[in-house]
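> Structure file upload_38.tsv (TSV, C-alpha atoms) is given on the next line.
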```tsv
chain	number	residue	atom	x	y	z
A	518	MET	CA	-13.06	-26.21	3.50
A	519	ARG	CA	-11.47	-22.85	2.87
A	520	PRO	CA	-8.98	-22.87	-0.05
A	521	PHE	CA	-5.74	-22.21	1.84
A	522	LEU	CA	-5.90	-25.42	3.86
A	523	ARG	CA	-4.76	-27.45	0.84
A	524	HIS	CA	-1.24	-25.98	1.05
A	525	CYS	CA	-0.73	-26.43	4.76
A	526	THR	CA	1.96	-28.91	5.79
A	527	ARG	CA	0.87	-29.08	9.44
A	528	VAL	CA	-2.78	-29.99	8.86
A	529	GLN	CA	-4.02	-30.07	12.46
A	530	GLU	CA	-2.45	-26.69	13.25
A	531	CYS	CA	-3.94	-25.26	10.05
A	532	ASN	CA	-7.36	-26.70	10.87
A	533	ASN	CA	-7.26	-25.10	14.30
A	534	SER	CA	-6.09	-21.70	13.08
A	535	GLN	CA	-8.40	-21.74	10.06
A	536	GLU	CA	-11.42	-22.31	12.27
A	537	LEU	CA	-10.39	-19.50	14.60
A	538	ILE	CA	-9.49	-17.05	11.82
A	539	PHE	CA	-12.58	-17.53	9.69
A	540	LYS	CA	-14.85	-17.36	12.73
A	541	ALA	CA	-13.30	-13.97	13.53
A	542	LEU	CA	-13.45	-12.83	9.89
A	543	ASP	CA	-17.16	-13.62	9.76
A	544	GLU	CA	-17.70	-10.74	12.20
A	545	TYR	CA	-16.19	-8.13	9.85
A	546	GLN	CA	-17.42	-6.66	6.59
A	547	VAL	CA	-14.09	-5.06	5.65
A	548	ILE	CA	-10.82	-6.99	5.70
A	549	ILE	CA	-7.49	-5.29	5.01
A	550	ILE	CA	-4.67	-7.67	4.08
A	551	SER	CA	-1.01	-6.83	4.02
A	552	ALA	CA	1.87	-9.27	3.75
A	553	SER	CA	5.42	-9.74	2.62
A	554	TRP	CA	3.98	-10.66	-0.76
A	555	ILE	CA	7.32	-11.37	-2.43
A	556	ALA	CA	7.86	-14.45	-0.27
A	557	TYR	CA	4.40	-15.77	-1.16
A	558	PHE	CA	4.70	-15.15	-4.89
A	559	ASN	CA	7.90	-17.21	-4.79
A	560	GLN	CA	6.08	-20.24	-3.32
A	561	ASP	CA	4.61	-22.56	-5.91
A	562	LYS	CA	0.88	-21.87	-6.30
A	563	PHE	CA	0.54	-20.33	-2.85
A	564	MET	CA	-0.72	-17.02	-4.23
A	565	ASP	CA	-3.33	-18.89	-6.26
A	566	THR	CA	-4.67	-20.16	-2.96
A	567	VAL	CA	-4.48	-16.71	-1.38
A	568	PHE	CA	-6.39	-15.28	-4.32
A	569	GLU	CA	-9.01	-18.06	-4.03
A	570	THR	CA	-9.43	-17.25	-0.35
A	571	VAL	CA	-9.72	-13.51	-1.03
A	572	GLN	CA	-12.29	-14.20	-3.76
A	573	SER	CA	-14.23	-16.46	-1.42
A	574	LEU	CA	-14.40	-13.69	1.19
A	575	ALA	CA	-15.36	-11.12	-1.46
A	576	ASP	CA	-18.07	-13.44	-2.78
A	577	ASP	CA	-19.48	-13.48	0.76
A	578	GLY	CA	-20.03	-9.72	0.37
A	579	LYS	CA	-16.96	-8.53	2.24
A	580	LEU	CA	-14.81	-5.65	1.05
A	581	ILE	CA	-11.22	-6.84	0.78
A	582	ILE	CA	-8.45	-4.25	0.57
A	583	LEU	CA	-5.05	-5.63	-0.45
A	584	LEU	CA	-2.11	-3.45	0.55
A	585	GLY	CA	0.99	-3.41	-1.62
A	586	LYS	CA	4.35	-4.44	-0.24
A	587	ALA	CA	6.33	-1.60	1.29
A	588	PRO	CA	9.96	-1.00	0.34
A	589	VAL	CA	12.63	-3.17	1.94
A	590	HIS	CA	15.71	-1.44	3.35
A	591	GLN	CA	18.24	-4.18	3.88
A	592	ASP	CA	20.68	-3.59	6.74
A	593	TYR	CA	18.49	-0.89	8.31
A	594	ASP	CA	18.91	-0.83	12.07
A	595	ARG	CA	16.66	1.56	13.99
A	596	LEU	CA	19.05	1.35	16.95
A	597	CYS	CA	22.15	2.17	14.93
A	598	GLN	CA	22.61	5.67	16.41
A	599	GLU	CA	22.48	4.25	19.93
A	600	LYS	CA	24.92	1.47	19.06
A	601	ALA	CA	27.26	3.99	17.44
A	602	ILE	CA	27.80	5.60	20.85
A	603	SER	CA	29.69	2.46	21.89
A	604	PHE	CA	31.04	1.70	18.42
A	605	PRO	CA	31.98	5.08	16.92
A	606	ARG	CA	33.05	3.63	13.57
A	607	MET	CA	29.58	2.27	12.99
A	608	ILE	CA	27.98	3.72	9.86
A	609	CYS	CA	24.32	4.68	10.23
A	610	GLU	CA	23.61	5.98	6.75
A	611	TYR	CA	20.78	4.59	4.68
A	612	PRO	CA	20.72	6.14	1.23
A	613	ASP	CA	17.47	6.42	-0.70
A	614	LYS	CA	17.08	3.74	-3.34
A	615	PRO	CA	14.59	2.77	-6.03
A	616	LEU	CA	11.84	0.29	-5.28
A	617	SER	CA	12.95	-3.24	-6.15
A	618	MET	CA	11.61	-4.98	-9.24
A	619	ALA	CA	10.38	-7.85	-7.05
A	620	ILE	CA	8.17	-5.45	-5.07
A	621	LEU	CA	7.00	-3.68	-8.21
A	622	ASP	CA	6.10	-7.03	-9.81
A	623	SER	CA	4.26	-8.42	-6.78
A	624	ASN	CA	2.33	-5.17	-6.27
A	625	GLU	CA	1.38	-5.13	-9.94
A	626	LYS	CA	-0.03	-8.67	-9.64
A	627	LEU	CA	-2.05	-7.65	-6.58
A	628	GLN	CA	-3.39	-4.59	-8.35
A	629	GLU	CA	-4.29	-6.63	-11.42
A	630	PHE	CA	-6.12	-9.21	-9.32
A	631	ALA	CA	-8.06	-6.52	-7.47
A	632	SER	CA	-9.05	-4.78	-10.70
A	633	GLN	CA	-10.55	-8.01	-12.04
A	634	HIS	CA	-12.64	-8.93	-8.99
A	635	GLN	CA	-15.69	-7.36	-7.44
A	636	ASN	CA	-15.37	-6.30	-3.77
A	637	VAL	CA	-11.56	-6.45	-3.96
A	638	GLU	CA	-9.55	-3.23	-3.93
A	639	TYR	CA	-5.85	-2.45	-3.89
A	640	TYR	CA	-3.87	0.37	-2.31
A	641	ASP	CA	-0.17	1.10	-2.45
A	642	PHE	CA	1.50	3.52	-0.03
A	643	ASN	CA	4.75	3.47	-1.99
A	644	LYS	CA	3.98	6.66	-3.88
A	645	PHE	CA	4.35	8.37	-0.49
A	646	LEU	CA	7.23	6.22	0.74
A	647	CYS	CA	9.13	6.61	-2.53
A	648	PRO	CA	8.50	10.12	-3.87
A	649	ASN	CA	10.26	10.67	-7.19
A	650	GLY	CA	10.90	6.92	-7.40
A	651	TYR	CA	13.36	6.72	-4.50
A	652	CYS	CA	12.52	5.13	-1.17
A	653	SER	CA	13.80	6.36	2.17
A	654	VAL	CA	13.74	4.99	5.70
A	655	TYR	CA	12.93	8.57	6.78
A	656	ASP	CA	9.88	10.74	6.27
A	657	GLU	CA	10.00	14.19	4.67
A	658	ASN	CA	11.01	15.69	8.06
A	659	GLY	CA	13.89	13.27	8.63
A	660	TYR	CA	12.15	11.04	11.19
A	661	PRO	CA	12.67	7.30	10.81
A	662	LEU	CA	9.65	5.43	9.44
A	663	TYR	CA	10.83	1.86	9.89
A	664	TYR	CA	10.92	-0.55	12.80
A	665	ASP	CA	13.18	-2.97	10.94
A	666	ASP	CA	14.25	-3.50	7.34
A	667	GLN	CA	10.73	-4.41	6.13
A	668	HIS	CA	8.20	-3.00	8.60
A	669	LEU	CA	7.10	0.51	9.36
A	670	SER	CA	7.17	1.41	13.03
A	671	LEU	CA	3.92	2.27	14.76
A	672	ASP	CA	4.99	5.91	15.00
A	673	GLY	CA	6.14	5.86	11.37
A	674	SER	CA	2.79	4.43	10.27
A	675	TRP	CA	0.91	7.16	12.10
A	676	ARG	CA	3.12	9.87	10.60
A	677	LEU	CA	2.75	8.39	7.13
A	678	GLY	CA	-1.03	8.24	7.55
A	679	LYS	CA	-1.12	11.86	8.70
A	680	GLN	CA	1.03	12.92	5.73
A	681	ILE	CA	-1.26	11.11	3.30
A	682	TYR	CA	-4.38	12.57	4.88
A	683	GLU	CA	-2.95	16.09	4.72
A	684	LYS	CA	-2.01	15.67	1.04
A	685	VAL	CA	-4.98	13.75	-0.39
A	686	GLY	CA	-7.53	13.23	2.38
A	687	VAL	CA	-8.82	9.72	2.97
A	688	PRO	CA	-7.61	7.78	-0.08
A	689	TYR	CA	-9.79	5.49	-2.11
A	690	PRO	CA	-10.53	2.61	-1.31
A	691	PHE	CA	-10.63	3.52	2.39
A	692	THR	CA	-13.49	5.90	1.63
A	693	LEU	CA	-15.62	2.79	0.98
A	694	ILE	CA	-15.28	1.48	4.52
A	695	SER	CA	-17.78	3.74	6.23
A	696	ASN	CA	-20.57	2.81	3.81
A	697	TRP	CA	-19.83	-0.90	3.40
A	698	SER	CA	-22.63	-3.24	4.40
A	699	GLU	CA	-23.88	-6.70	3.50
```
So, in terms of structure tokens, how does the structure I just supplied come out?

Amino acid sequence: MRPFLRHCTRVQECNNSQELIFKALDEYQVIIISASWIAYFNQDKFMDTVFETVQSLADDGKLIILLGKAPVHQDYDRLCQEKAISFPRMICEYPDKPLSMAILDSNEKLQEFASQHQNVEYYDFNKFLCPNGYCSVYDENGYPLYYDDQHLSLDGSWRLGKQIYEKVGVPYPFTLISNWSE
């Protein structure tokens, strides 16, 4: 039994999805995991189970890359400019703001876990999303990065990736992927 099943409240649904997920994961040597970590760290012992599962996968010889939580921009609406055409008093300004302590804390815990376990790495895109300590919904050219208040858009992700590649090349730990084998 994989560790995360113990915390499932709908056991049959978890059994079914667990079987499907782990069968698929068996086919891959590199697994990249991203989540809204803050919500999970707030659930009693849930992250312990996540960490057990990650360690189990790493012990099987897989490379696990944990991605830090991206900034949250509450009240961001990607369609605000369009809505403002019909509602001219609508305010579509999203000032830059510092990364929340909750995100900093959860990302620190992920980084600490990764540093203490073989085959587990951590990467945080926030140094690019929050240059000088302030986070924006826009990239350096003024294009929106976000789909909603917590998720980058597909276009925003591609632009962020291109920006990172142009500035630093392929960042570690992604350089490990091409050489990873059992």
> If we count all atoms listed in the file, what is near region 647-651 of chain A at a cut-off of 8 Å, once residues fewer than 3 positions away on the same chain are taken out, given as a short mmCIF file (atom, residue, chain, number, x, y, z; two decimals) with C-alpha atoms, in the frame of the given file?

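Okay, this is what ended up in out29.cif:
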```cif
data_model
loop_
_atom_site.label_atom_id
_atom_site.label_comp_id
_atom_site.auth_asym_id
_atom_site.auth_seq_id
_atom_site.Cartn_x
_atom_site.Cartn_y
_atom_site.Cartn_z
CA ASP A 613 17.47 6.42 -0.70
CA LYS A 614 17.08 3.74 -3.34
CA PRO A 615 14.59 2.77 -6.03
CA LEU A 616 11.84 0.29 -5.28
CA ASN A 643 4.75 3.47 -1.99
CA LYS A 644 3.98 6.66 -3.88
#
```
> Just want the 12 Å neighbourhood of region 635-638 of chain A, counted on only C-alpha atoms, with same-chain residues fewer than 4 positions away dropped. Output as an NGL selection string.
:A and (546-550 or 568-585 or 627-631 or 688-694 or 697-699)
> Out of A:Phe563, A:Tyr682, A:Phe604, A:Trp554, which residue has the shortest atom-to-atom distance to Ile620 (chain A) when counting all atoms listed in the file?
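Of A:Phe563, A:Tyr682, A:Phe604, A:Trp554, the one nearest Ile620 (chain A) is A:Trp554, counting all atoms listed in the file.
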> List the residues sitting within 7 Å of (10.2, -1.1, -1.5) in the file's frame, using all atoms listed in the file, as JSON, numbers by chain.
{"A": [586, 587, 588, 589, 616, 617, 620, 652]}
> Restricting the calculation to all atoms listed in the file, which member of A:Ala556, A:Leu646, A:Ala601, A:Leu537 is positioned closest to Tyr663 (chain A)?
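Result for the nearest residue to Tyr663 (chain A): A:Leu646.
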> Taking into account all atoms listed in the file, which residue in the set A:Ser623, A:Gln598, A:Gln591, A:Ser553 is nearest to Asp665 (chain A)?
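Of A:Ser623, A:Gln598, A:Gln591, A:Ser553, the one nearest Asp665 (chain A), counting all atoms listed in the file, is A:Gln591.
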